[in-house]
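As provided, data07.tsv (TSV, C-alpha atoms) reads as follows.
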chain	number	residue	atom	x	y	z
A	6	MET	CA	164.41	197.54	3.35
A	7	VAL	CA	163.94	194.94	0.55
A	8	ARG	CA	160.43	194.37	-0.72
A	9	TRP	CA	159.36	191.71	-3.22
A	10	VAL	CA	157.27	193.13	-6.03
A	11	HIS	CA	154.31	190.94	-6.95
A	12	SER	CA	152.09	193.15	-9.08
A	13	ARG	CA	151.96	196.41	-10.96
A	14	SER	CA	150.19	198.12	-8.08
A	15	ASP	CA	152.87	196.93	-5.65
A	16	SER	CA	155.47	198.27	-8.08
A	17	LEU	CA	153.75	201.64	-8.21
A	18	ASP	CA	153.48	201.81	-4.38
A	19	LEU	CA	157.19	201.11	-4.09
A	20	LEU	CA	157.99	203.73	-6.74
A	21	ARG	CA	155.79	206.35	-5.12
A	22	SER	CA	157.55	205.89	-1.80
A	23	THR	CA	161.06	206.08	-3.27
A	24	HIS	CA	160.78	208.26	-6.40
A	25	PRO	CA	157.57	210.29	-6.37
A	26	THR	CA	158.53	212.44	-9.37
A	27	ASN	CA	158.85	209.48	-11.77
A	28	VAL	CA	155.58	207.71	-10.97
A	29	ASN	CA	153.67	208.81	-14.08
A	30	GLU	CA	156.55	207.95	-16.38
A	31	VAL	CA	157.06	204.51	-14.84
A	32	SER	CA	153.33	203.86	-14.62
A	33	THR	CA	153.03	204.49	-18.35
A	34	MET	CA	155.94	202.13	-19.03
A	35	LEU	CA	154.45	199.36	-16.86
A	36	HIS	CA	151.08	199.57	-18.60
A	37	ARG	CA	152.43	199.25	-22.14
A	38	THR	CA	151.36	196.03	-23.79
A	39	SER	CA	154.29	195.54	-26.11
A	40	ARG	CA	154.76	191.92	-27.15
A	41	ALA	CA	158.43	192.48	-27.97
A	42	VAL	CA	160.75	190.48	-25.76
A	43	PRO	CA	163.59	192.62	-24.38
A	44	THR	CA	166.93	191.63	-25.88
A	45	THR	CA	170.25	193.29	-26.55
A	46	LEU	CA	170.54	191.59	-29.94
A	47	PRO	CA	169.71	193.57	-33.07
A	48	GLU	CA	166.34	192.87	-34.71
A	49	LYS	CA	167.98	191.17	-37.72
A	50	ALA	CA	169.93	188.86	-35.40
A	51	VAL	CA	166.74	187.93	-33.55
A	52	HIS	CA	165.01	187.19	-36.85
A	53	ASP	CA	167.88	185.20	-38.37
A	54	ILE	CA	168.76	183.19	-35.25
A	55	SER	CA	165.18	182.38	-34.28
A	56	ARG	CA	164.44	181.33	-37.88
A	57	ALA	CA	167.54	179.08	-37.89
A	58	LEU	CA	166.48	177.60	-34.55
A	59	MET	CA	163.00	176.88	-35.91
A	60	VAL	CA	164.42	174.91	-38.84
A	61	LEU	CA	166.91	173.17	-36.54
A	62	LEU	CA	164.03	172.22	-34.23
A	63	ALA	CA	162.18	170.65	-37.17
A	64	ASP	CA	165.29	168.59	-37.93
A	65	VAL	CA	165.64	167.54	-34.30
A	66	PHE	CA	162.00	166.39	-34.20
A	67	ALA	CA	162.49	164.50	-37.49
A	68	LEU	CA	165.61	162.78	-36.18
A	69	TYR	CA	163.92	162.01	-32.87
A	70	LEU	CA	160.98	160.32	-34.59
A	71	LYS	CA	163.22	158.39	-36.99
A	72	THR	CA	165.36	157.20	-34.07
A	73	LYS	CA	162.23	156.08	-32.20
A	74	ASN	CA	160.90	154.42	-35.35
A	75	PHE	CA	164.11	152.39	-35.72
A	76	HIS	CA	164.11	151.67	-31.97
A	77	TRP	CA	160.57	150.26	-32.23
A	78	HIS	CA	161.28	148.26	-35.40
A	79	MET	CA	164.75	146.93	-34.61
A	80	SER	CA	165.31	143.21	-35.14
A	81	GLY	CA	168.16	140.77	-35.48
A	82	SER	CA	170.92	139.28	-33.39
A	83	HIS	CA	171.89	142.58	-31.76
A	84	PHE	CA	168.29	143.56	-31.05
A	85	ARG	CA	168.67	144.24	-27.33
A	86	ASP	CA	171.84	146.35	-27.61
A	87	TYR	CA	170.60	148.40	-30.58
A	88	HIS	CA	167.11	148.74	-29.11
A	89	LEU	CA	168.48	150.14	-25.83
A	90	MET	CA	171.04	152.38	-27.53
A	91	LEU	CA	168.43	153.92	-29.84
A	92	ASP	CA	166.12	154.49	-26.89
A	93	ASP	CA	168.90	156.37	-25.07
A	94	GLN	CA	169.74	158.35	-28.20
A	95	SER	CA	166.12	159.27	-28.90
A	96	ASN	CA	165.71	160.52	-25.33
A	97	GLN	CA	168.85	162.63	-25.69
A	98	ILE	CA	167.61	164.08	-28.98
A	99	PHE	CA	164.15	164.81	-27.58
A	100	SER	CA	165.66	166.62	-24.60
A	101	MET	CA	166.96	169.28	-27.02
A	102	THR	CA	163.50	170.25	-28.29
A	103	GLY	CA	162.29	172.33	-25.36
A	104	ALA	CA	165.56	174.20	-25.00
A	105	ILE	CA	165.68	175.05	-28.73
A	106	ALA	CA	162.10	176.31	-28.79
A	107	GLU	CA	162.48	178.28	-25.56
A	108	ARG	CA	165.72	179.87	-26.76
A	109	ALA	CA	163.97	181.11	-29.91
A	110	ARG	CA	161.13	182.51	-27.78
A	111	LYS	CA	163.56	184.16	-25.31
A	112	LEU	CA	165.06	185.99	-28.27
A	113	GLY	CA	161.60	187.19	-29.29
A	114	GLY	CA	161.15	184.85	-32.24
A	115	ALA	CA	158.57	182.22	-33.06
A	116	THR	CA	158.99	178.48	-33.16
A	117	ILE	CA	157.35	175.28	-34.44
A	118	ARG	CA	153.57	175.21	-34.10
A	119	SER	CA	152.51	171.82	-35.50
A	120	ILE	CA	153.53	168.52	-37.05
A	121	GLY	CA	152.74	170.04	-40.45
A	122	HIS	CA	155.11	172.90	-39.65
A	123	ILE	CA	157.82	170.33	-38.86
A	124	SER	CA	157.24	168.48	-42.14
A	125	ARG	CA	157.44	171.72	-44.15
A	126	SER	CA	160.66	172.81	-42.42
A	127	GLN	CA	162.69	169.63	-41.84
A	128	ARG	CA	165.78	168.81	-43.89
A	129	ILE	CA	166.32	165.34	-42.41
A	130	ALA	CA	164.38	162.85	-44.50
A	131	ASP	CA	161.77	160.53	-43.02
A	132	ASN	CA	161.99	156.78	-43.50
A	133	ASP	CA	158.57	155.18	-43.88
A	134	ALA	CA	159.85	151.84	-45.20
A	135	GLU	CA	158.06	148.82	-43.84
A	136	TYR	CA	161.35	147.03	-43.20
A	137	VAL	CA	164.90	148.38	-42.86
A	138	LYS	CA	167.83	146.09	-42.12
A	139	PRO	CA	169.37	146.74	-38.71
A	140	LEU	CA	172.77	147.84	-40.06
A	141	ASP	CA	171.02	150.07	-42.61
A	142	MET	CA	169.14	151.71	-39.73
A	143	ILE	CA	172.42	152.28	-37.91
A	144	ALA	CA	174.09	153.74	-41.03
A	145	GLU	CA	171.13	156.01	-41.79
A	146	LEU	CA	171.02	157.35	-38.25
A	147	ARG	CA	174.79	157.90	-38.30
A	148	ASN	CA	174.45	159.96	-41.48
A	149	ASP	CA	171.45	161.88	-40.14
A	150	ASN	CA	173.27	162.71	-36.91
A	151	ALA	CA	176.20	163.93	-39.00
A	152	LEU	CA	173.80	166.16	-40.96
A	153	LEU	CA	172.31	167.49	-37.74
A	154	THR	CA	175.81	168.24	-36.47
A	155	GLN	CA	176.56	170.16	-39.65
A	156	TYR	CA	173.32	172.15	-39.29
A	157	MET	CA	174.11	172.94	-35.65
A	158	ARG	CA	177.57	174.19	-36.65
A	159	GLU	CA	175.95	176.49	-39.23
A	160	VAL	CA	173.62	177.94	-36.57
A	161	HIS	CA	176.61	178.26	-34.23
A	162	SER	CA	178.46	180.30	-36.89
A	163	LEU	CA	175.43	182.57	-37.23
A	164	CYS	CA	175.36	183.02	-33.45
A	165	ASP	CA	179.07	183.84	-33.44
A	166	GLU	CA	178.51	186.51	-36.11
A	167	GLN	CA	175.78	188.09	-33.96
A	168	ALA	CA	177.57	187.66	-30.59
A	169	ASP	CA	174.77	185.41	-29.30
A	170	VAL	CA	176.92	183.47	-26.84
A	171	ALA	CA	173.96	181.92	-25.00
A	172	THR	CA	172.62	180.11	-28.06
A	173	ALA	CA	176.16	179.22	-29.16
A	174	SER	CA	176.93	177.62	-25.81
A	175	LEU	CA	173.79	175.45	-25.99
A	176	LEU	CA	174.79	174.35	-29.47
A	177	GLU	CA	178.28	173.41	-28.33
A	178	ASN	CA	176.89	170.87	-25.87
A	179	TRP	CA	174.47	169.46	-28.43
A	180	ILE	CA	177.23	169.16	-31.04
A	181	ASP	CA	179.29	167.17	-28.54
A	182	GLU	CA	176.32	164.89	-27.80
A	183	SER	CA	175.67	164.43	-31.50
A	184	GLU	CA	179.30	163.53	-32.16
A	185	LYS	CA	179.04	160.88	-29.44
A	186	ARG	CA	175.92	159.43	-31.09
A	187	ILE	CA	177.76	159.35	-34.44
A	188	TRP	CA	180.70	157.56	-32.81
A	189	PHE	CA	178.46	154.91	-31.21
A	190	LEU	CA	176.55	154.38	-34.45
A	191	PHE	CA	179.80	154.17	-36.41
A	192	GLU	CA	181.25	151.54	-34.05
A	193	CYS	CA	178.01	149.51	-34.17
A	194	GLY	CA	178.19	149.44	-37.97
A	195	GLN	CA	181.73	147.98	-38.07
A	196	PRO	CA	182.19	144.35	-39.08
A	197	ALA	CA	182.68	141.95	-36.17
Exercise: express the given structure as C-alpha cells:
Amino acid sequence: MVRWVHSRSDSLDLLRSTHPTNVNEVSTMLHRTSRAVPTTLPEKAVHDISRALMVLLADVFALYLKTKNFHWHMSGSHFRDYHLMLDDQSNQIFSMTGAIAERARKLGGATIRSIGHISRSQRIADNDAEYVKPLDMIAELRNDNALLTQYMREVHSLCDEQADVATASLLENWIDESEKRIWFLFECGQPA
C-alpha cells in the first residue's frame, strides 16, 4: 500500500507500522533543524560554485538593466527594430536570474540580496550617459554579452572540475543564447 507523507507525524506513523525498531533513530533525524541543504558535492565545491553563481548573477542583472536602459533610450532610423530586439534580449537575460539564484540555493549557497549587493559584485560596467548613439549602444551590448559569455565559460569550467553537471548544463544553454545575442548585435552593427 502506498501512502503519501504530509507531515512529520504521518512519517512517524508510517515508520512505526513498518519498522518499529528504528522509530527513535528516525524521529531524531526528522527533528533536527540543520540548515544545510543535502548535496553530494563537497563543501568546497558548494562554496566555490555558489560564489561564482552569485557574481555571475550580479553580471546578469547589470546586463539586463543596461539592455533595458538602451531599449528605453533607443532612437534613430532603426528605432523600431532595435527597440524590439533589445526588449527580446532583455527578457531572455532576465529569465536567467531566477534559475541562477535557485541553483546556488539548491547547492546550499547564498545569492544576491540587494541592489547594493549587485553593484558591489558586478563586473559588467553600467552606462549612465544621458545620450548614447544607437550603434554605440549595439556595440557596447555586443561586448558586454561577449564578457558575460566568457564569465559563464569560466563558471562552466569550475563546474566541470567539481562534476556539477546540473549547473554546467544550465550554463551551456545560456552560453548558446548569449552567442545568439552577440551574433544579432554584431549583424546590426555592420554597415548597410
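Between Leu152 (chain A) and the residues A:Arg128, A:Lys73, A:Lys185, A:Lys138, the shortest atom-to-atom distance, using only C-alpha atoms, involves A:Arg128.
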Close residues, Leu46 (chain A) itself excluded, 9 Å, only C-alpha atoms, min 5 positions apart in chain, as a PyMOL selection string: chain A and resi 51+112+167-169
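Excluding Arg186 (chain A) itself and any same-chain residue fewer than 4 positions from it, the protein and nucleic acid residues within 9 Å of it, counting only C-alpha atoms, are Gln94, Leu146, Arg147, Asn150, Asp181, Glu182, Leu190 and Phe191 of chain A.
Every protein or nucleic acid residue with an atom no more than 10 Å from Arg125 (chain A), counting only C-alpha atoms and leaving out same-chain residues fewer than 6 positions away, appears here: Val60, Ala63 and Ser119 of chain A.
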Hey, can I get the axis-aligned box for region 61-68 of chain A? All listed atoms, 5 Å padding on each side, centre and edge lengths in Å to one decimal, as JSON.
{"center_x": 164.5, "center_y": 168.0, "center_z": -36.1, "size_x": 14.9, "size_y": 20.4, "size_z": 13.7}
What would the file be for region 129-148 of chain A if you keep N, CA, C and O atoms and write it as a JSON list (two decimals), in the first residue's frame?
[["chain", "number", "residue", "atom", "x", "y", "z"],
["A", 129, "ILE", "N", 30.32, 43.77, -15.10],
["A", 129, "ILE", "CA", 29.85, 44.46, -16.30],
["A", 129, "ILE", "C", 29.50, 45.89, -15.91],
["A", 129, "ILE", "O", 28.70, 46.12, -15.00],
["A", 130, "ALA", "N", 30.15, 46.84, -16.59],
["A", 130, "ALA", "CA", 30.03, 48.25, -16.22],
["A", 130, "ALA", "C", 28.66, 48.81, -16.59],
["A", 130, "ALA", "O", 28.07, 48.44, -17.61],
["A", 131, "ASP", "N", 28.16, 49.70, -15.73],
["A", 131, "ASP", "CA", 26.94, 50.44, -16.02],
["A", 131, "ASP", "C", 27.23, 51.50, -17.08],
["A", 131, "ASP", "O", 28.38, 51.87, -17.30],
["A", 132, "ASN", "N", 26.17, 52.01, -17.69],
["A", 132, "ASN", "CA", 26.29, 53.15, -18.59],
["A", 132, "ASN", "C", 25.20, 54.13, -18.20],
["A", 132, "ASN", "O", 24.03, 53.92, -18.51],
["A", 133, "ASP", "N", 25.59, 55.20, -17.53],
["A", 133, "ASP", "CA", 24.65, 56.21, -17.06],
["A", 133, "ASP", "C", 24.63, 57.44, -17.96],
["A", 133, "ASP", "O", 24.07, 58.48, -17.58],
["A", 134, "ALA", "N", 25.24, 57.36, -19.13],
["A", 134, "ALA", "CA", 25.30, 58.51, -20.03],
["A", 134, "ALA", "C", 23.90, 58.97, -20.41],
["A", 134, "ALA", "O", 23.00, 58.15, -20.59],
["A", 135, "GLU", "N", 23.76, 60.27, -20.53],
["A", 135, "GLU", "CA", 22.46, 60.82, -20.89],
["A", 135, "GLU", "C", 22.07, 60.46, -22.32],
["A", 135, "GLU", "O", 20.90, 60.25, -22.61],
["A", 136, "TYR", "N", 23.06, 60.39, -23.20],
["A", 136, "TYR", "CA", 22.79, 60.02, -24.59],
["A", 136, "TYR", "C", 23.90, 59.10, -25.09],
["A", 136, "TYR", "O", 25.08, 59.38, -24.88],
["A", 137, "VAL", "N", 23.50, 58.01, -25.73],
["A", 137, "VAL", "CA", 24.44, 57.09, -26.37],
["A", 137, "VAL", "C", 23.91, 56.87, -27.78],
["A", 137, "VAL", "O", 22.72, 56.60, -27.98],
["A", 138, "LYS", "N", 24.78, 56.99, -28.76],
["A", 138, "LYS", "CA", 24.38, 56.77, -30.15],
["A", 138, "LYS", "C", 23.90, 55.33, -30.32],
["A", 138, "LYS", "O", 24.46, 54.41, -29.71],
["A", 139, "PRO", "N", 22.89, 55.13, -31.15],
["A", 139, "PRO", "CA", 22.34, 53.78, -31.33],
["A", 139, "PRO", "C", 23.39, 52.71, -31.65],
["A", 139, "PRO", "O", 23.40, 51.64, -31.03],
["A", 140, "LEU", "N", 24.29, 52.97, -32.59],
["A", 140, "LEU", "CA", 25.29, 51.96, -32.93],
["A", 140, "LEU", "C", 26.31, 51.77, -31.81],
["A", 140, "LEU", "O", 26.88, 50.67, -31.67],
["A", 141, "ASP", "N", 26.52, 52.80, -30.99],
["A", 141, "ASP", "CA", 27.39, 52.63, -29.81],
["A", 141, "ASP", "C", 26.71, 51.75, -28.76],
["A", 141, "ASP", "O", 27.36, 50.96, -28.08],
["A", 142, "MET", "N", 25.39, 51.90, -28.63],
["A", 142, "MET", "CA", 24.63, 51.01, -27.74],
["A", 142, "MET", "C", 24.78, 49.56, -28.19],
["A", 142, "MET", "O", 25.07, 48.67, -27.38],
["A", 143, "ILE", "N", 24.59, 49.34, -29.49],
["A", 143, "ILE", "CA", 24.67, 47.99, -30.04],
["A", 143, "ILE", "C", 26.06, 47.40, -29.80],
["A", 143, "ILE", "O", 26.19, 46.26, -29.37],
["A", 144, "ALA", "N", 27.11, 48.19, -30.07],
["A", 144, "ALA", "CA", 28.49, 47.71, -29.88],
["A", 144, "ALA", "C", 28.77, 47.42, -28.41],
["A", 144, "ALA", "O", 29.40, 46.40, -28.08],
["A", 145, "GLU", "N", 28.30, 48.28, -27.53],
["A", 145, "GLU", "CA", 28.55, 48.07, -26.09],
["A", 145, "GLU", "C", 27.85, 46.81, -25.60],
["A", 145, "GLU", "O", 28.44, 46.02, -24.84],
["A", 146, "LEU", "N", 26.62, 46.61, -26.03],
["A", 146, "LEU", "CA", 25.90, 45.40, -25.62],
["A", 146, "LEU", "C", 26.54, 44.15, -26.21],
["A", 146, "LEU", "O", 26.60, 43.10, -25.55],
["A", 147, "ARG", "N", 27.03, 44.25, -27.44],
["A", 147, "ARG", "CA", 27.74, 43.10, -28.03],
["A", 147, "ARG", "C", 28.95, 42.73, -27.18],
["A", 147, "ARG", "O", 29.16, 41.57, -26.84],
["A", 148, "ASN", "N", 29.73, 43.73, -26.81],
["A", 148, "ASN", "CA", 30.92, 43.49, -25.98],
["A", 148, "ASN", "C", 30.56, 42.95, -24.61],
["A", 148, "ASN", "O", 31.23, 42.05, -24.08]]
